[in-house]
Amino acid sequence: MGIDLNMERLANIRTPFYYYDTNILRQTLDAINAEIKKHDNYFVHYAVKANANMKVLGIINEGGFGIDCVSGGEIEQVLKAGFPANKIVFAGVGKSDWEIELGLDKDIFCFNVESIPELEVINEIAAKKGKVATVCFRINPNVGAHTHANITTGLAENKFGIDMQDMEMVIRLAQGMKNVQFKGLHFHIGSQILEMDDFIALAHRINDLQDQLEAAGIKIEIVNVGGGLGIDYSNPQGNPIPNFKDYFAVYDKYLKLRPGQSVHFELGRAVVGQCGALITKVLYVKENAIKKFAIVDAGFTDLIRPALYDAHHKIVNITSNTTETDTYDVVGPICESSDVFDKDIPLAKTKRGDLIALLSAGAYGEIMASSYNCRRIPEGYTNEELQ
Ligand code: LLP
């Protein structure tokens, strides 16, 4: 059973809004914990970029997870939500000085460093503070992922990470610095990855790099494999919990660890994707010679994934109780032709005032909302608040 879209709960709230089913979220967290508790050296840092809603964060924190941040704002938000600073990993190609200072002041677990100039700045700022920053290097593993071009990150052409051939040199550089301590390697090959072969390829690449470093006498404590596990956007109700079993089994089976090493994961979408839906109201149904448009009150300012990545979110009419269906383009009110959620999709016969749910919107939904056209940022509610 997927997300519970109980109409009575949802009927009287100003639309559009995000709705989170905390039962799905808790089941998801339990499924992850069931896999990682098989290992005392596996740690999941939830990638807060996927969803930073305070209520969602509170539940993830209760699950005992660490956190992956990519900005000072995210660090502030997760500290407010109660996450311990010593479980924060901090990534990003362009960390500002104030963000590095914040990470140092809070004694975060680790900086995932993406370039030599960044390493030098962290060392400098840490020296001023009389601190030693723990650093891992984000290595670009040149492993492709079968996903949308805008969300693949592990190829040499992408801006992320340090080239493999420079890895040893950069580690030596860090080892010569007083205010950074090199602890390990960080990788991330992309997002919405459903082919386990992509993660297997990453594990093999990490094994090769580890052999190389071992031969050079370099010790690694932390292996951070990033995130990227995808979710089922086409059948979210039938498949609400991602395939964590197979995902973690890849690393169990293929990643060769040395004694004392820990493995860190940065899952975002797979944690929160299926627990959220965007709820929107039908303003008008407009027909022309060839189309029926369901014009809804949400637009790409509320959920940008279809416009930005050609993403398809399952759309359902949760008000209509007729079995009759029709074919609609579901479109928003924003003055741009890309403000289309989907085209030619079957929906129960739809009329003004019906509520429409866009499913699998818990990840990269609310957090990517903007106020373009001076629109309001949507609120987010959980089922627990709307009892
Ligand atoms: N770690 C790093 C270094 C990342 O860059 C990301 C995501 C993650 C972890 C979490 O990845 P996940 O497990 O969620 O796939 N806005 C896009 C997705 C962008 C992903 C950016 N990086 C979307 O809506 O599809």
# chains A, B, ... in the order shown; residues from 1 in each chain; ligands from 1

call {"tool": "residues_around", "arguments": {"residues": "segment 226-240 of chain A", "least_positions_apart": "4", "cutoff": "9 Å", "atoms": "only C-alpha atoms", "output": "MDAnalysis selection string"}}
result
chainID A and resid 1:3 24 28 45:47 186:196 199 244 247 264:270 273:275 311:314 359:360

call {"tool": "residues_around", "arguments": {"residues": "Phe43 of chain A", "least_positions_apart": "6", "cutoff": "8 Å", "atoms": "only C-alpha atoms", "output": "short mmCIF file (atom, residue, chain, number, x, y, z; two decimals) with C-alpha atoms, in the first residue's frame"}}
result
data_model
loop_
_atom_site.label_atom_id
_atom_site.label_comp_id
_atom_site.auth_asym_id
_atom_site.auth_seq_id
_atom_site.Cartn_x
_atom_site.Cartn_y
_atom_site.Cartn_z
CA ILE A 36 22.35 -1.61 7.76
CA PHE A 65 20.47 8.66 10.72
CA GLY A 66 23.39 10.96 10.04
CA SER A 262 33.47 2.24 7.60
CA VAL A 263 31.09 2.65 4.64
CA HIS A 264 28.95 5.78 4.42
CA PHE A 265 25.86 6.24 2.26
#

call {"tool": "atom_distance", "arguments": {"atom1": "atom CA of Lys219 of chain A", "atom2": "atom CA of Ile88 of chain A"}}
result
22.0 Å

call {"tool": "closest_residue", "arguments": {"among": "A:Asn112, A:Asn243, A:Asn373, A:Thr322", "to": "ligand 1", "atoms": "only C-alpha atoms and all ligand atoms"}}
result
A:Asn112

call {"tool": "select_by_dssp", "arguments": {"residues": "segment 132-284 of chain A", "states": "alpha helix (DSSP H)", "output": "ChimeraX atom specification"}}
result
/A:167-175,196-215,244-254,269-272

call {"tool": "closest_residue", "arguments": {"among": "A:Phe111, A:Phe300, A:Val316, A:Glu62", "to": "Ile279 of chain A", "atoms": "only C-alpha atoms"}}
result
A:Val316

call {"tool": "select_by_dssp", "arguments": {"residues": "segment 220-375 of chain A", "states": "strand (DSSP E or B)", "output": "PyMOL selection string"}}
result
chain A and resi 222-224+229+262-265+276-287+292-296+315-317+325-331+340-348+355-358

call {"tool": "write_last_selection", "arguments": {"atoms": "C-alpha atoms", "output": "PDB file, in the first residue's frame"}}
result
ATOM      1  CA  ILE A 222      36.127   6.188   5.437  1.00  0.00           C
ATOM      2  CA  VAL A 223      34.616   4.987   2.171  1.00  0.00           C
ATOM      3  CA  ASN A 224      31.630   7.175   1.267  1.00  0.00           C
ATOM      4  CA  LEU A 229      19.211   4.879  -5.379  1.00  0.00           C
ATOM      5  CA  SER A 262      33.467   2.240   7.598  1.00  0.00           C
ATOM      6  CA  VAL A 263      31.093   2.654   4.642  1.00  0.00           C
ATOM      7  CA  HIS A 264      28.953   5.778   4.419  1.00  0.00           C
ATOM      8  CA  PHE A 265      25.859   6.239   2.262  1.00  0.00           C
ATOM      9  CA  GLY A 276       5.196  12.867  -0.229  1.00  0.00           C
ATOM     10  CA  ALA A 277       2.571  14.113  -2.666  1.00  0.00           C
ATOM     11  CA  LEU A 278       1.785  17.541  -4.042  1.00  0.00           C
ATOM     12  CA  ILE A 279      -1.925  18.235  -3.641  1.00  0.00           C
ATOM     13  CA  THR A 280      -3.440  20.740  -6.020  1.00  0.00           C
ATOM     14  CA  LYS A 281      -6.912  21.877  -6.984  1.00  0.00           C
ATOM     15  CA  VAL A 282      -8.427  21.925 -10.455  1.00  0.00           C
ATOM     16  CA  LEU A 283      -9.224  25.501 -11.372  1.00  0.00           C
ATOM     17  CA  TYR A 284     -10.660  24.955 -14.816  1.00  0.00           C
ATOM     18  CA  VAL A 285     -11.133  22.247 -17.386  1.00  0.00           C
ATOM     19  CA  LYS A 286     -10.569  23.774 -20.789  1.00  0.00           C
ATOM     20  CA  GLU A 287     -11.182  22.055 -24.089  1.00  0.00           C
ATOM     21  CA  LYS A 292      -8.625  18.689 -22.718  1.00  0.00           C
ATOM     22  CA  PHE A 293      -6.559  20.656 -20.220  1.00  0.00           C
ATOM     23  CA  ALA A 294      -6.929  20.242 -16.496  1.00  0.00           C
ATOM     24  CA  ILE A 295      -5.625  23.601 -15.285  1.00  0.00           C
ATOM     25  CA  VAL A 296      -4.521  23.212 -11.673  1.00  0.00           C
ATOM     26  CA  ILE A 315      -1.144  11.960 -11.241  1.00  0.00           C
ATOM     27  CA  VAL A 316      -4.444  10.925  -9.677  1.00  0.00           C
ATOM     28  CA  ASN A 317      -7.753  12.645  -9.150  1.00  0.00           C
ATOM     29  CA  THR A 325     -11.932   8.388 -17.385  1.00  0.00           C
ATOM     30  CA  ASP A 326     -10.785  10.905 -19.930  1.00  0.00           C
ATOM     31  CA  THR A 327      -7.461  12.058 -21.357  1.00  0.00           C
ATOM     32  CA  TYR A 328      -5.977  15.312 -20.088  1.00  0.00           C
ATOM     33  CA  ASP A 329      -2.947  17.515 -20.188  1.00  0.00           C
ATOM     34  CA  VAL A 330      -2.398  18.568 -16.580  1.00  0.00           C
ATOM     35  CA  VAL A 331      -1.010  22.092 -16.623  1.00  0.00           C
ATOM     36  CA  VAL A 340       3.042  21.227 -17.818  1.00  0.00           C
ATOM     37  CA  PHE A 341       2.959  18.342 -15.347  1.00  0.00           C
ATOM     38  CA  ASP A 342       2.082  15.709 -17.930  1.00  0.00           C
ATOM     39  CA  LYS A 343       0.433  15.318 -21.320  1.00  0.00           C
ATOM     40  CA  ASP A 344      -2.308  12.999 -22.579  1.00  0.00           C
ATOM     41  CA  ILE A 345      -2.714  11.091 -19.363  1.00  0.00           C
ATOM     42  CA  PRO A 346      -5.819   9.211 -18.265  1.00  0.00           C
ATOM     43  CA  LEU A 347      -7.615  10.688 -15.256  1.00  0.00           C
ATOM     44  CA  ALA A 348     -10.970  10.014 -13.683  1.00  0.00           C
ATOM     45  CA  LEU A 355      -8.231  17.631  -5.851  1.00  0.00           C
ATOM     46  CA  ILE A 356      -5.343  16.181  -7.804  1.00  0.00           C
ATOM     47  CA  ALA A 357      -2.318  14.439  -6.243  1.00  0.00           C
ATOM     48  CA  LEU A 358       1.091  14.312  -7.882  1.00  0.00           C
TER      49      LEU A 358
END

call {"tool": "closest_residue", "arguments": {"among": "A:Cys110, A:Ile200, A:Asp354, A:Ala126", "to": "Phe182 of chain A", "atoms": "only C-alpha atoms"}}
result
A:Cys110

call {"tool": "residues_around", "arguments": {"residues": "Leu173 of chain A", "least_positions_apart": "5", "cutoff": "10 Å", "atoms": "only C-alpha atoms", "output": "list in words"}}
result
Ile116, Leu119, Glu120, Met167, Glu168 and Phe182 of chain A

call {"tool": "write_last_selection", "arguments": {"atoms": "N, CA, C and O atoms", "output": "PDB file, in the first residue's frame"}}
result
ATOM      1  N   ILE A 116      41.830  21.115  -4.924  1.00  0.00           N
ATOM      2  CA  ILE A 116      43.003  21.551  -4.152  1.00  0.00           C
ATOM      3  C   ILE A 116      42.798  22.954  -3.569  1.00  0.00           C
ATOM      4  O   ILE A 116      43.066  23.174  -2.388  1.00  0.00           O
ATOM      5  N   LEU A 119      40.824  22.644  -0.509  1.00  0.00           N
ATOM      6  CA  LEU A 119      41.607  22.029   0.578  1.00  0.00           C
ATOM      7  C   LEU A 119      42.481  23.087   1.258  1.00  0.00           C
ATOM      8  O   LEU A 119      42.555  23.159   2.492  1.00  0.00           O
ATOM      9  N   GLU A 120      43.105  23.922   0.422  1.00  0.00           N
ATOM     10  CA  GLU A 120      43.997  24.952   0.971  1.00  0.00           C
ATOM     11  C   GLU A 120      43.226  25.944   1.837  1.00  0.00           C
ATOM     12  O   GLU A 120      43.687  26.342   2.911  1.00  0.00           O
ATOM     13  N   MET A 167      44.454  11.737  -7.484  1.00  0.00           N
ATOM     14  CA  MET A 167      44.070  11.351  -6.120  1.00  0.00           C
ATOM     15  C   MET A 167      45.266  11.235  -5.169  1.00  0.00           C
ATOM     16  O   MET A 167      45.263  11.836  -4.085  1.00  0.00           O
ATOM     17  N   GLU A 168      46.284  10.489  -5.594  1.00  0.00           N
ATOM     18  CA  GLU A 168      47.413  10.245  -4.697  1.00  0.00           C
ATOM     19  C   GLU A 168      48.142  11.541  -4.357  1.00  0.00           C
ATOM     20  O   GLU A 168      48.474  11.794  -3.201  1.00  0.00           O
ATOM     21  N   PHE A 182      43.404  13.831   6.658  1.00  0.00           N
ATOM     22  CA  PHE A 182      42.799  13.037   5.582  1.00  0.00           C
ATOM     23  C   PHE A 182      42.285  11.704   6.132  1.00  0.00           C
ATOM     24  O   PHE A 182      43.018  10.967   6.774  1.00  0.00           O
TER      25      PHE A 182
END

call {"tool": "atom_distance", "arguments": {"atom1": "atom CA of Ile75 of chain A", "atom2": "atom CA of Tyr251 of chain A"}}
result
28.0 Å

call {"tool": "closest_residue", "arguments": {"among": "A:Met164, A:Ala174, A:Arg9, A:Ala34", "to": "Asp21 of chain A", "atoms": "only C-alpha atoms"}}
result
A:Arg9

call {"tool": "residues_around", "arguments": {"residues": "Val180 of chain A", "least_positions_apart": "2", "cutoff": "10 Å", "atoms": "only C-alpha atoms", "output": "PyMOL selection string"}}
result
chain A and resi 111+119-120+122-124+126-127+131-136+174-178+182-183

call {"tool": "write_last_selection", "arguments": {"atoms": "C-alpha atoms", "output": "short mmCIF file (atom, residue, chain, number, x, y, z; two decimals), in the first residue's frame"}}
result
data_model
loop_
_atom_site.label_atom_id
_atom_site.label_comp_id
_atom_site.auth_asym_id
_atom_site.auth_seq_id
_atom_site.Cartn_x
_atom_site.Cartn_y
_atom_site.Cartn_z
CA PHE A 111 34.30 17.82 4.86
CA LEU A 119 41.61 22.03 0.58
CA GLU A 120 44.00 24.95 0.97
CA ILE A 122 39.93 24.73 4.68
CA ASN A 123 43.47 24.26 6.01
CA GLU A 124 43.92 28.03 6.28
CA ALA A 126 41.12 25.73 10.38
CA ALA A 127 44.59 27.06 11.27
CA LYS A 131 41.30 23.34 14.66
CA VAL A 132 41.95 20.27 12.55
CA ALA A 133 39.33 19.53 9.88
CA THR A 134 38.59 15.94 8.97
CA VAL A 135 38.55 15.65 5.20
CA CYS A 136 37.59 13.06 2.60
CA ALA A 174 46.74 16.96 2.60
CA GLN A 175 49.03 14.75 4.63
CA GLY A 176 51.58 17.54 4.57
CA MET A 177 49.10 20.07 5.98
CA LYS A 178 48.79 20.74 9.70
CA PHE A 182 42.80 13.04 5.58
CA LYS A 183 40.42 10.19 6.41
#

call {"tool": "closest_residue", "arguments": {"among": "A:Asp105, A:Glu114, A:Asp339, A:Glu76", "to": "ligand 1", "atoms": "only C-alpha atoms and all ligand atoms"}}
result
A:Glu114
